[in-house]
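First up is the structure itself, then whatever we jot down about it.
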Amino acid sequence: MLEIENVSKVFPGRRSLFGKSEPVVALDQVSLSVRKGGCFGLVGESGSGKTTLTRSILRLDVPTSGRILFEGQDLASLSPAALRHIRARIQIVFQDPYASLNPRMSVHDIVAEPLVIHRDVMGLDNRQRTDRAVELLALVGLGAQHLHRYPHEFSGGQRQRIGIARALATNPDLILLDEPTSALDVSVQAQVLNLLIDLQDRLSLTYLFISHDLGVIRYVCDEIALIWRGKIVEKGQTAAVFDNPASEYARMLIAAMPEVRSAATRE
Amino acid sequence: MASQTVPPLLDIRDLHLTMKSFDGEAHVLNGIDLTVNRGEIWGLVGETGCGKSLTGLSISRLVSTPPARYARGEIRFEGEDVLKLSESAMQRLRGRHIGMIFQDPTTNLNPSFRIGEQLVDVALAAGRHSPEILGLEARASSSARRMAARALAETMLDKVGIPNAAQRLDDYPHQFSGGMRQRVLIAMALIGRPALLVADEPTTALDVSVQAQVLRLLTGMVQEYAMGVLLITHNLGVVAETCSHVAVMYAGNIVERGPVASVLAAPAHPYTTALLAAIPTRGVKRGDLKGLAGTVPNLIQPPPGCRFAPRCALAGPDCRADVPPMIELGAGHGAACLRVASQTEAA
Amino acid sequence: MNAQGSVPESARRYALRRALFRFSQSGLSLVGLALVVTLLMIAVFGPSLAPYPEHLGGAVNTAARFRPPSLAHPFGTNELGQDVFSLVLGGTRVSVLAGLAVVMLGTLIGTVVGAIAGYAGGWTDEILMRISDLKLTVPGLILAMAVAAALGPGILNMVIAIALSWWPGYARLVRGEVMAKKEELFVTAARAIGAGPGRILFRHILPNILTPVIVKMSLDMGFAILTVASLGFIGIGVKPPTPEWGSLLSVARGYMPDYWWTAIFPGLAIFTAVFGFNLLGDGLRDVFDPKARR
């Protein structure tokens, strides 16, 4: 479904009064393949390049070299109109549910906005958009009574559900989940993760799940890749990577992850 | 040390804190009892809005009053109630005897001074009162002290895992990433070897690899200097690997507390059980995780009786009648739940 | 924190209630509000409230020149025997409406320029901002005088003249706010959905920068009224017999200090208007941005 082929991104050094700073290599020959219907986990710490990669897939950034293919089509070769069509089929859920929703828009307007932007593809009138918004809220477990409320009235978990509803509006095939639960409490995180799993099964979605939390990735994803300083250092089936990490980095990460289980085996 | 005449390092008794806002007065802390001894690392866990941070801030009296008000209770630090101290006495306690680390590392370093200068200042101030921190005699010359302070700053920076510590001392805060700044702040809080360290989500913004390193440093310091630590976190994994004891907070109450091994292996309060069930641990199948429905209640009109009752699967009418007392389960493990009481009576 | 269990209240109503509560916490803001409301009422109904409406049209009563304040003429009479109280009431309309028009026009131009500069960045930003800097180097009153002189006298020309010297402040404010909001995650989210620049600017950025602009507008109203009066004072702007505070003051200047009432009352009117709008602006700022408080 999504092929990332040898993608590199180099941010040129900035020229200033005191000479030129070094160029920054954010992505270095990254290759990934996300299977249709799968949940692909991308694990990386801060500065690993995972954000640059998501921005490149959404074409908010343009890679320096390499190709990103969505269902065989090179995103770089598409006309602006074709790119807009693809945009409707690739959606994203952001990490911070507090900052990713416009505080001045009602839930209805937030969820219906993708439908308005892609009205040429979606072909819905005003009334139908409202119906769809109610349907989407129901899909993420929120009642229609929330339709005309504003983001600040909701808890973090509810806001993230609104963000998910917005991502689902255009019936996308691929959803990028950019740390969707790291701003939430564990109790809420579990609910949101289960919702995501349930939605994937019901709507046959493909997920690219980006996180630094190995526990979450292990729970949700079937395939994972570890990215470190712009390079993919390990790739494979989730269970295989956790049981037999091949790279030094993977071993270190798995060892460093704090687990509750260890309490029983302490002392 | 552990003779009966020596008061515990930190002893919070029946602490009630209310907070005034436009919507009314919220009962944000509702009778907190907590004792931290030297050598203990207490984890304070719970969902957002449970009062964890306010408990931590209260220890250094950093909650502004008003809008907050201490309705009842005391916070005894080495036997003295900090709520009754004068502001200047409190200032002497802060930093030197009670160290604080906060989650947000961006605002706590002065952007116009080098990292080294800021660390050296703290080291010198600490050395003025306890010269052994710098490893010098009290009469040592000021240049010798400066040298020692700088050496100590370098050691601490190295200990919190900053590479090339010696050179990085001359950098300014903006040259450090967020994670590195947080490590600098941790080094700064530990340099004076406070008797009690209150760390509010100190590693939440850090990568797991760095987090592990910082937590190891913390446990090392506790063993070496017999510090007491209150580690506020939402991550039970961190508690399991770092803490000796844990207190679980819900809506302004401590609902369960005790030694980590005992509480996490055999949680007695339904809230603790629910929190643990929500963690994606090894072996949990996809879709099998148990979330906890509902949110922390509005504390302006908290639910009557047990504040967790509205979200609790085991709750009955008796739970809504009265605030459940803390029931001792042995070895310091206790839980404030009527269901625990009926179980222990039956047993 | 949203109240649980209670009857759900709409977000807007709650926000309004909360804003009113915060606003009413400060007595001075309430004074400002009262002054501004009174002023606007007088601007609308002033001429019909005037005890001597014929004086507003230019009628004179030479028999009653320079009468000191009395029951019949609370503010006294001027050199033409006109009732100063009536003139001040009548002048409110011109002064307040002209001030309002200046601020609105200035805001409009400034917001458009600032939004384009802040959103587009790069060369567009450079050029637009240098133009606005240029405006800032010339004192506003001098520029307004020059423009008014070129366009000829008249209320509309005066308003245009002042507005042209007024917009750079708004352009700077809006540009800064737009640049800050452009980096917000919800704007990135909108871009990721596929929203175009127009939608992002009008739907996502501008609604979120409205409050500082409104606050600046209310703070500026006083100065705009003052500027209108200043131009009236130097004789550019409104022509007699239409009463206007600045020109009333200008004429009265020659009769000071013997006939002080002819000058003091139009002056007090200007002072009250400026003061009222400033208090209101401060109050609004406290409501919208409680962090700026002291």
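Each chain in the structure tokens gets a letter, A, B, ..., in the order shown, and its residues are numbered from 1; ligands are numbered from 1 in order too.
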
For chain B against chain C, which residues fall within 12 Å using only C-alpha atoms, given as a short mmCIF file (atom, residue, chain, number, x, y, z; two decimals) with N, CA, C and O atoms, in the first residue's frame?
```
data_model
loop_
_atom_site.label_atom_id
_atom_site.label_comp_id
_atom_site.auth_asym_id
_atom_site.auth_seq_id
_atom_site.Cartn_x
_atom_site.Cartn_y
_atom_site.Cartn_z
N SER B 21 -11.82 28.74 42.23
CA SER B 21 -11.83 29.12 40.83
C SER B 21 -13.19 29.72 40.53
O SER B 21 -14.05 29.81 41.40
N PHE B 22 -13.36 30.12 39.29
CA PHE B 22 -14.63 30.72 38.88
C PHE B 22 -15.80 29.78 39.14
O PHE B 22 -16.89 30.18 39.51
N ASP B 23 -15.55 28.47 38.96
CA ASP B 23 -16.64 27.50 39.08
C ASP B 23 -16.98 27.17 40.54
O ASP B 23 -17.98 26.54 40.81
N GLY B 24 -16.12 27.56 41.47
CA GLY B 24 -16.37 27.26 42.87
C GLY B 24 -15.10 26.79 43.54
O GLY B 24 -14.01 26.90 42.98
N ALA B 26 -12.73 23.88 44.80
CA ALA B 26 -12.50 22.46 44.56
C ALA B 26 -11.69 21.87 45.71
O ALA B 26 -10.72 22.49 46.18
N THR B 48 -4.12 12.10 35.41
CA THR B 48 -4.03 13.55 35.40
C THR B 48 -5.18 14.13 36.23
O THR B 48 -6.29 13.65 36.14
N GLY B 49 -4.87 15.13 37.04
CA GLY B 49 -5.92 15.78 37.81
C GLY B 49 -6.25 15.09 39.12
O GLY B 49 -7.26 15.37 39.73
N GLY B 294 -14.75 6.50 31.94
CA GLY B 294 -15.02 7.66 32.79
C GLY B 294 -13.79 8.51 33.01
O GLY B 294 -12.70 8.20 32.53
N THR B 295 -13.99 9.61 33.73
CA THR B 295 -12.87 10.52 34.01
C THR B 295 -12.83 10.82 35.50
O THR B 295 -13.76 10.50 36.24
N VAL B 296 -11.73 11.44 35.90
CA VAL B 296 -11.60 11.89 37.28
C VAL B 296 -12.73 12.88 37.56
O VAL B 296 -12.99 13.76 36.75
N PRO B 297 -13.45 12.72 38.68
CA PRO B 297 -14.64 13.54 38.89
C PRO B 297 -14.30 15.00 39.14
O PRO B 297 -13.19 15.35 39.48
N ASN B 298 -15.29 15.82 38.91
CA ASN B 298 -15.26 17.22 39.26
C ASN B 298 -15.08 17.33 40.78
O ASN B 298 -15.82 16.73 41.55
N LEU B 299 -14.07 18.07 41.21
CA LEU B 299 -13.77 18.11 42.64
C LEU B 299 -14.46 19.26 43.36
O LEU B 299 -14.24 19.49 44.54
N ILE B 300 -15.27 20.01 42.63
CA ILE B 300 -16.03 21.07 43.30
C ILE B 300 -17.22 20.45 44.03
O ILE B 300 -17.52 20.80 45.15
N GLN B 301 -17.86 19.48 43.36
CA GLN B 301 -18.89 18.69 44.04
C GLN B 301 -18.51 17.23 43.88
O GLN B 301 -19.07 16.53 43.04
N PRO B 302 -17.52 16.77 44.65
CA PRO B 302 -17.06 15.38 44.47
C PRO B 302 -18.18 14.41 44.82
O PRO B 302 -19.06 14.74 45.62
N PRO B 303 -18.13 13.22 44.20
CA PRO B 303 -19.13 12.23 44.54
C PRO B 303 -19.04 11.88 46.03
O PRO B 303 -17.94 11.88 46.59
N PRO B 310 -18.14 5.98 41.40
CA PRO B 310 -18.85 6.06 40.12
C PRO B 310 -18.18 5.28 38.98
O PRO B 310 -18.84 4.93 38.01
#
```

At a cut-off of 9 Å, using only C-alpha atoms, what residues contact Leu142 (chain A)? Leave out same-chain residues fewer than 4 positions from it and give the result as a PyMOL selection string. chain A and resi 134+136-138+146+158+161-162

Those selected residues, please, written with C-alpha atoms and delivered as a compact mmCIF listing (two decimals), in the first residue's frame.
```
# COMPACT_ATOMS: atom_id res chain seq x y z
CA VAL A 134 -22.83 12.36 13.69
CA LEU A 136 -18.29 9.56 12.64
CA LEU A 137 -18.72 10.62 16.26
CA ALA A 138 -20.74 7.47 16.91
CA HIS A 146 -21.29 16.76 21.55
CA GLN A 158 -12.31 12.59 24.08
CA ARG A 161 -11.46 10.56 19.63
CA ILE A 162 -12.49 13.75 17.83
```

Residues within 8 Å of His333 (chain B), only C-alpha atoms, excluding chain neighbours under 5 positions, as a list in words: Glu256, Arg257, Gly258, Pro259, Ser262, Val263 and Glu328 of chain B

Using only C-alpha atoms, I'd like every residue of chain A that has an atom within 7 Å of chain C; please write them out as a PyMOL selection string. chain A and resi 58+84+87-88+91+99-102+104+114+117+149-150+153

Selected residues written out, N, CA and C atoms, as a short mmCIF file (atom, residue, chain, number, x, y, z; two decimals), in the first residue's frame:
```
data_model
loop_
_atom_site.label_atom_id
_atom_site.label_comp_id
_atom_site.auth_asym_id
_atom_site.auth_seq_id
_atom_site.Cartn_x
_atom_site.Cartn_y
_atom_site.Cartn_z
N LEU A 58 3.08 12.89 4.04
CA LEU A 58 1.97 13.82 3.83
C LEU A 58 2.33 14.92 2.84
N ARG A 84 -4.33 16.05 -4.31
CA ARG A 84 -5.45 16.34 -3.41
C ARG A 84 -6.33 15.11 -3.23
N ARG A 87 -4.59 12.86 -0.91
CA ARG A 87 -4.65 13.43 0.45
C ARG A 87 -5.87 12.93 1.20
N ALA A 88 -7.00 12.81 0.47
CA ALA A 88 -8.23 12.35 1.11
C ALA A 88 -8.08 10.91 1.58
N GLN A 91 -4.68 9.91 5.90
CA GLN A 91 -4.99 10.86 6.96
C GLN A 91 -4.06 10.65 8.15
N ALA A 99 -3.45 20.51 21.10
CA ALA A 99 -3.00 21.50 20.13
C ALA A 99 -3.48 21.22 18.72
N SER A 100 -3.95 20.00 18.45
CA SER A 100 -4.25 19.67 17.06
C SER A 100 -5.68 19.99 16.66
N LEU A 101 -6.49 20.47 17.60
CA LEU A 101 -7.86 20.87 17.26
C LEU A 101 -7.97 22.38 17.38
N ASN A 102 -8.51 23.02 16.36
CA ASN A 102 -8.69 24.47 16.37
C ASN A 102 -9.67 24.85 17.48
N ARG A 104 -11.31 27.39 18.08
CA ARG A 104 -12.44 28.23 17.70
C ARG A 104 -13.45 27.50 16.85
N PRO A 114 -12.73 18.02 6.64
CA PRO A 114 -12.18 17.28 5.50
C PRO A 114 -13.23 17.05 4.41
N ILE A 117 -13.38 20.27 2.43
CA ILE A 117 -12.19 20.45 1.59
C ILE A 117 -12.23 19.49 0.40
N ARG A 149 -20.27 21.40 20.55
CA ARG A 149 -19.38 21.85 21.62
C ARG A 149 -18.00 22.19 21.05
N TYR A 150 -17.20 22.78 21.91
CA TYR A 150 -15.87 23.20 21.48
C TYR A 150 -14.79 22.37 22.17
N GLU A 153 -14.00 21.81 25.99
CA GLU A 153 -14.94 21.17 26.90
C GLU A 153 -14.68 19.68 27.06
#
```

Show which residues sit within 8 Å of region 33-48 of chain A, as a PDB file with N, CA and C atoms, in the first residue's frame. Count only C-alpha atoms, and ignore same-chain residues fewer than 2 positions away.
```
ATOM      1  N   MET A   1       0.830  -1.199   0.000  1.00  0.00           N
ATOM      2  CA  MET A   1       0.000   0.000   0.000  1.00  0.00           C
ATOM      3  C   MET A   1       0.868   1.255   0.000  1.00  0.00           C
ATOM      4  N   LEU A   2       1.827   1.296   0.946  1.00  0.00           N
ATOM      5  CA  LEU A   2       2.743   2.432   1.001  1.00  0.00           C
ATOM      6  C   LEU A   2       4.173   1.895   0.899  1.00  0.00           C
ATOM      7  N   GLU A   3       4.879   2.407  -0.098  1.00  0.00           N
ATOM      8  CA  GLU A   3       6.274   1.996  -0.284  1.00  0.00           C
ATOM      9  C   GLU A   3       7.165   3.208  -0.110  1.00  0.00           C
ATOM     10  N   ILE A   4       8.130   3.064   0.755  1.00  0.00           N
ATOM     11  CA  ILE A   4       9.096   4.144   0.913  1.00  0.00           C
ATOM     12  C   ILE A   4      10.424   3.602   0.429  1.00  0.00           C
ATOM     13  N   ALA A  26      18.413  14.231   8.078  1.00  0.00           N
ATOM     14  CA  ALA A  26      17.304  13.792   8.920  1.00  0.00           C
ATOM     15  C   ALA A  26      16.881  12.375   8.574  1.00  0.00           C
ATOM     16  N   SER A  31      14.014   2.849   3.721  1.00  0.00           N
ATOM     17  CA  SER A  31      13.106   2.049   2.903  1.00  0.00           C
ATOM     18  C   SER A  31      12.158   1.285   3.816  1.00  0.00           C
ATOM     19  N   LYS A  50      11.642  10.340  12.637  1.00  0.00           N
ATOM     20  CA  LYS A  50      10.289   9.824  12.376  1.00  0.00           C
ATOM     21  C   LYS A  50       9.313  10.941  12.006  1.00  0.00           C
ATOM     22  N   GLN A 200      -9.822  -0.463  12.919  1.00  0.00           N
ATOM     23  CA  GLN A 200      -9.039  -1.076  11.847  1.00  0.00           C
ATOM     24  C   GLN A 200      -9.743  -2.326  11.329  1.00  0.00           C
ATOM     25  N   SER A 204     -11.363  -1.949   7.700  1.00  0.00           N
ATOM     26  CA  SER A 204     -10.170  -2.446   6.996  1.00  0.00           C
ATOM     27  C   SER A 204      -9.202  -1.323   6.628  1.00  0.00           C
ATOM     28  N   LEU A 205      -8.692  -0.702   7.678  1.00  0.00           N
ATOM     29  CA  LEU A 205      -7.731   0.387   7.514  1.00  0.00           C
ATOM     30  C   LEU A 205      -6.302  -0.150   7.555  1.00  0.00           C
ATOM     31  N   THR A 206      -5.397   0.626   7.004  1.00  0.00           N
ATOM     32  CA  THR A 206      -3.979   0.334   7.155  1.00  0.00           C
ATOM     33  C   THR A 206      -3.397   1.401   8.071  1.00  0.00           C
ATOM     34  N   TYR A 207      -2.603   0.977   9.053  1.00  0.00           N
ATOM     35  CA  TYR A 207      -2.024   1.936   9.994  1.00  0.00           C
ATOM     36  C   TYR A 207      -0.507   2.015   9.847  1.00  0.00           C
ATOM     37  N   LEU A 208      -0.007   3.227   9.922  1.00  0.00           N
ATOM     38  CA  LEU A 208       1.423   3.408  10.168  1.00  0.00           C
ATOM     39  C   LEU A 208       1.499   4.069  11.535  1.00  0.00           C
ATOM     40  N   PHE A 209       1.896   3.296  12.529  1.00  0.00           N
ATOM     41  CA  PHE A 209       1.828   3.713  13.925  1.00  0.00           C
ATOM     42  C   PHE A 209       3.206   4.160  14.376  1.00  0.00           C
ATOM     43  N   ILE A 210       3.340   5.445  14.651  1.00  0.00           N
ATOM     44  CA  ILE A 210       4.645   5.985  15.026  1.00  0.00           C
ATOM     45  C   ILE A 210       4.653   6.222  16.527  1.00  0.00           C
ATOM     46  N   SER A 211       5.645   5.704  17.212  1.00  0.00           N
ATOM     47  CA  SER A 211       5.674   5.870  18.657  1.00  0.00           C
ATOM     48  C   SER A 211       7.077   5.665  19.200  1.00  0.00           C
ATOM     49  N   HIS A 212       7.299   6.172  20.398  1.00  0.00           N
ATOM     50  CA  HIS A 212       8.551   5.860  21.075  1.00  0.00           C
ATOM     51  C   HIS A 212       8.289   4.796  22.131  1.00  0.00           C
ATOM     52  N   ASP A 213       7.010   4.449  22.306  1.00  0.00           N
ATOM     53  CA  ASP A 213       6.635   3.545  23.387  1.00  0.00           C
ATOM     54  C   ASP A 213       6.566   2.108  22.867  1.00  0.00           C
ATOM     55  N   LEU A 214       7.570   1.341  23.222  1.00  0.00           N
ATOM     56  CA  LEU A 214       7.642  -0.024  22.713  1.00  0.00           C
ATOM     57  C   LEU A 214       6.469  -0.876  23.186  1.00  0.00           C
ATOM     58  N   ILE A 217       3.536  -0.204  20.913  1.00  0.00           N
ATOM     59  CA  ILE A 217       3.798  -0.770  19.584  1.00  0.00           C
ATOM     60  C   ILE A 217       3.629  -2.294  19.611  1.00  0.00           C
ATOM     61  N   VAL A 220      -0.080  -3.225  19.571  1.00  0.00           N
ATOM     62  CA  VAL A 220      -0.929  -2.918  18.420  1.00  0.00           C
ATOM     63  C   VAL A 220      -0.394  -3.446  17.090  1.00  0.00           C
ATOM     64  N   CYS A 221       0.949  -3.459  16.920  1.00  0.00           N
ATOM     65  CA  CYS A 221       1.490  -3.629  15.576  1.00  0.00           C
ATOM     66  C   CYS A 221       1.883  -5.066  15.274  1.00  0.00           C
ATOM     67  N   ASP A 222       1.777  -5.427  13.985  1.00  0.00           N
ATOM     68  CA  ASP A 222       2.232  -6.758  13.599  1.00  0.00           C
ATOM     69  C   ASP A 222       3.634  -6.719  13.015  1.00  0.00           C
ATOM     70  N   GLU A 223       4.000  -5.573  12.445  1.00  0.00           N
ATOM     71  CA  GLU A 223       5.344  -5.439  11.899  1.00  0.00           C
ATOM     72  C   GLU A 223       5.952  -4.174  12.465  1.00  0.00           C
ATOM     73  N   ILE A 224       7.253  -4.177  12.708  1.00  0.00           N
ATOM     74  CA  ILE A 224       7.850  -2.935  13.202  1.00  0.00           C
ATOM     75  C   ILE A 224       9.182  -2.630  12.529  1.00  0.00           C
ATOM     76  N   ALA A 225       9.555  -1.375  12.576  1.00  0.00           N
ATOM     77  CA  ALA A 225      10.877  -0.949  12.141  1.00  0.00           C
ATOM     78  C   ALA A 225      11.404   0.016  13.191  1.00  0.00           C
ATOM     79  N   LEU A 226      12.676  -0.071  13.478  1.00  0.00           N
ATOM     80  CA  LEU A 226      13.315   0.835  14.426  1.00  0.00           C
ATOM     81  C   LEU A 226      14.140   1.836  13.645  1.00  0.00           C
ATOM     82  N   ILE A 227      13.908   3.103  13.930  1.00  0.00           N
ATOM     83  CA  ILE A 227      14.674   4.137  13.231  1.00  0.00           C
ATOM     84  C   ILE A 227      15.561   4.855  14.240  1.00  0.00           C
ATOM     85  N   TRP A 228      16.801   5.058  13.846  1.00  0.00           N
ATOM     86  CA  TRP A 228      17.786   5.667  14.746  1.00  0.00           C
ATOM     87  C   TRP A 228      18.669   6.604  13.944  1.00  0.00           C
ATOM     88  N   ARG A 229      18.655   7.850  14.302  1.00  0.00           N
ATOM     89  CA  ARG A 229      19.431   8.879  13.607  1.00  0.00           C
ATOM     90  C   ARG A 229      19.231   8.834  12.091  1.00  0.00           C
ATOM     91  N   GLY A 230      17.975   8.729  11.689  1.00  0.00           N
ATOM     92  CA  GLY A 230      17.651   8.793  10.274  1.00  0.00           C
ATOM     93  C   GLY A 230      17.813   7.498   9.514  1.00  0.00           C
ATOM     94  N   LYS A 231      18.283   6.444  10.188  1.00  0.00           N
ATOM     95  CA  LYS A 231      18.491   5.165   9.503  1.00  0.00           C
ATOM     96  C   LYS A 231      17.580   4.104  10.112  1.00  0.00           C
TER      97      LYS A 231
ATOM     98  N   ASP B 207      13.845  10.376  26.298  1.00  0.00           N
ATOM     99  CA  ASP B 207      13.810   9.095  25.600  1.00  0.00           C
ATOM    100  C   ASP B 207      14.005   7.964  26.603  1.00  0.00           C
ATOM    101  N   VAL B 208      13.474   6.778  26.250  1.00  0.00           N
ATOM    102  CA  VAL B 208      13.569   5.665  27.201  1.00  0.00           C
ATOM    103  C   VAL B 208      14.989   5.338  27.600  1.00  0.00           C
TER     104      VAL B 208
END
```

May I ask you to extract the residues of chain A within 9 Å of chain B, using only C-alpha atoms, and to give them as a count of residues only? 40

Please give the complete set of residues from region 172-319 of chain B that DSSP, run on the backbone, assigns to strand (DSSP E), formatted as a list of chain:residue names. B:Leu196, B:Leu197, B:Val198, B:Ala199, B:Asp200, B:Gly228, B:Val229, B:Leu230, B:Leu231, B:Ile232, B:His245, B:Val246, B:Ala247, B:Val248, B:Met249, B:Tyr250, B:Asn253, B:Ile254, B:Val255, B:Glu256, B:Arg257, B:Gly258, B:Pro259

Using the chain letters and numbers from this document, which residues of region 72-189 of chain B does DSSP assign to helix (DSSP H, G or I), as an MDAnalysis selection string? chainID B and resid 82:84 87:93 115:129 131:133 142:159 165:168 173:175 178:189

Write out as a list in words the residues lying within 7 Å of Arg69 (chain B), counting only C-alpha atoms and excluding same-chain residues fewer than 5 positions away. Leu17, Thr18 and Met19 of chain B
